[in-house]
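Note sheet for the following structure.
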Amino acid sequence: MRRGVPTWLLLLPAVAYLLLVFGVPLGNTFWMSISEPTLGLQNFASILTDPLYARVYLRTVLVAATVTLLCLGLGYPLAHYMARRSGVVAALLLGACGLCFWISYLVRTYAWTVILGNRGPVTALARWLGVEPPPVLLFTTTASLIAMTHILLPYMVLTLYVVLARIDANLIRAAHGMGASHWQSFSRVVLPLSLPAVVSGCLLVFIFCVGFYVTPTLLGSPRDMMISSLIANEIETLLDFGSASALAMVLLAAVLVLLTVYDRLVGIDRILR
Amino acid sequence: MRRPEAPSLANALFAWCVVGFILAPLAIIVPMSFSASTSFEFPPVHYWLGHYRTYFSSEGWLLPTLNSFVIGIASSVLTLLVAPPAAFAVNRREFAGRRALQVMLLTPMLVPSIIMAISYYSVFGQLGLNQTYAGIILAHGCVSIPVVLIALSASLRNLDRNLERAAAICGATSAQALRLVTLPLLRPAFILAGFFAFIHSFDEATISLFISGREVSTLPKRMFASIHLEADPVVAVVSALMIYAAILAMAIATFLRQRRPA
């Protein structure tokens, strides 16, 4: 077939743009991590030795893992239900999840400040039930856990739904025909077939959660910082570019490792399909 | 009798509870925006339109809104200039390193925005691009490349290449085939891609927080500051307006899909 423009020319604008506006800033951050204030690895050494940093990393991983499990625990039954219902109900539920993609996560974070705030419905309910003093929820790790789960849940549900909806209902009928109970047909047929989606959904949620900045900053406890808040803090209050850059590089390395796992198991280019 | 593959009642109940969890926070925002209270009290004691009036008469809110529109439109136009040729190449041509390149073009979406935020902050600081429109537009354009790539890829792959072959047989040059056949067929995909890129920029908060200053503050930055520092109830109005817009956009999308059977 006749070719018009050579392939490299088609790629040039996007690749050049990414190199200049994505590669150069990232490279500069890497350079600052080993050169600010003096050339060497002292920024990374202090990250490894200072227990404060270790605590923040551990907390970030724990929070991300909790959010991932919550999303899976809430999202799987919903996706499973959507996949087994047809027509209007499935469309309605899909629409509810889809609507969330159109609404800024800042709006949803704001909603949670109202719900969990000390003049919000949760506190009112606790008072009404006679819990005095009512539990403090806002500006705690619990608050940011709830909000991050709420924000990331649609990603999990849609990832699972796409695969669950494609499972041939005849397989389930066949399992029942051969005497399987509801639980058996689920655990022996549906669950194994949906495992790739479970892995892909969990990795996606975990990767997004590890780097979350806005929601934990607005809802979480300032003492229980996550890594993103720590990076921002090093720059905004301490003006320590070297340390912030080194922390960012460690976060980047962790995300790249996770993305490599994702790529091996699922394939990043599958996102395009 | 229930079909064996039909979901159980417990499954149904749990699923509807989860949907409730997804929708409830959005549902409280609309009544909040009509609240007469000056704090984040819910449920509101009195209702009025005062916060809407404050929003529509306050430069402190309207200017960031305008900025977000300008930046969103400019960055999606920029991305639509840069990304579609690459989308053509990775979807329709075979070349060495194609997969690696696809992955590379998708990474801006997957790297945590806080890393990009501090990277832009220090590089743009040296170049004098902090607190300028150009800086934010460049940064948002970059993160929008994967968005446009994803939005265009499905349509590019589903496009019937026989239509282009037919154009070639009828004597069209490849430029004519592109201009008269391929691009018109892809127009809905381009509109969608541009729209997604716009939304992506319009909602982006982390990078804007670092590189936009007082003069070019975006709407998410302004909202962040209100929630963080003051408990300004006008945030509820902005949030409610965004929800109206989202519902409207979804309704239009559904309407268009039904009118044009795929």
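Every chain in the structure tokens takes a letter, A first, then B, and so on in the order presented; its residues are numbered from 1, and the ligands are numbered from 1 following the presented order.
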Check your understanding: Do you know which residues are at most 8 Å from range 144-152 of chain A counting only C-alpha atoms, after dropping those on the same chain fewer than 2 positions away, and could you put them as a VMD selection string?
Key -> (chain A and resid 63 66 to 68 70 to 71 100 105 108 to 109 112 139 to 142 154 to 156 205 208 to 209 215 to 216 219 to 220) or (chain B and resid 21 to 22)
**Study point:** Filtered DSSP result for range 81-191 of chain A, state helix (DSSP H, G or I), as an MDAnalysis selection string
**Key:** chainID A and resid 81:84 87:102 105:116 121:128 141:164 169:177 182:191
Exercise for review: May I have the residues within 8 Å of range 200-213 of chain B as a PyMOL selection string, using only C-alpha atoms and disregarding those fewer than 4 positions away in the same chain?
Suggested key: (chain A and resi 104-106+213-214) or (chain B and resi 68-69+71-72+75-76+113-114+116-118+120-121+124+130-132+135-136+139-141+144+196+217-221+224)
Check your understanding: What separation in Å, quoted to one decimal, exists between CA of Asn43 in chain A and CA of Leu58 in chain A?
Key ->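 Interatomic distance here is 18.7 Å.
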Check your understanding: Any idea what the distance is between CA of Ala14 in chain A and CA of Val147 in chain B?
Key ->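 If I compute the distance from CA of Ala14 in chain A to CA of Val147 in chain B, I get 12.7 Å.
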Practice item. Considering only C-alpha atoms, return as a PyMOL selection string whatever protein or nucleic-acid residues lie within 10 Å of range 124-137 of chain A, sequence-local ones (same chain, fewer than 5 positions apart) excluded. Key: (chain A and resi 113+115-119+142-144+219-221) or (chain B and resi 42-43)
Review point. Quick one: distance from CA of Glu36 in chain A to CA of Val111 in chain B in Å, one decimal?
Key: 22.7 Å
Practice item. Tell me which protein, DNA and RNA residues are within 12 Å of Tyr55 in chain B, counting only C-alpha atoms, leaving out same-chain ones fewer than 2 positions away, and put them as a PyMOL selection string. Key: chain B and resi 33+49-53+57-65+219+223+232-241
**Study point:** Shell of 6 Å around range 246-258 of chain A, only C-alpha atoms, local chain residues under 3 positions omitted, as a list in words
**Key:**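 Close residues of range 246-258 of chain A: Ser33, Ser243 and Val261 of chain A; Ile115 of chain B.
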Would you export the selected residues with C-alpha atoms as a CSV table (one decimal), in the first residue's frame, please?
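The resulting selection_39.csv:
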chain,number,residue,atom,x,y,z
A,33,SER,CA,18.0,14.8,43.7
A,243,SER,CA,15.2,16.2,49.5
A,261,VAL,CA,4.4,-5.6,36.8
B,115,ILE,CA,6.1,14.4,40.8
Practice item. Please provide as a PyMOL selection string all residues within 9 Å of Ala89 in chain B, with the sequence filter that same-chain residues fewer than 6 positions apart are discarded (counting only C-alpha atoms). Key: (chain A and resi 7-8+10-11) or (chain B and resi 95+98)
Review point. Smallest atom-to-atom distance to Leu158 in chain A: which of A:Leu239, A:Leu26, A:Val199, A:Met82, using only C-alpha atoms?
Key: A:Met82
Review point. Using only C-alpha atoms, which residue out of A:Val266, A:Ala174, A:Leu62, A:Leu18 lies closest to chain B?
Key: A:Leu18
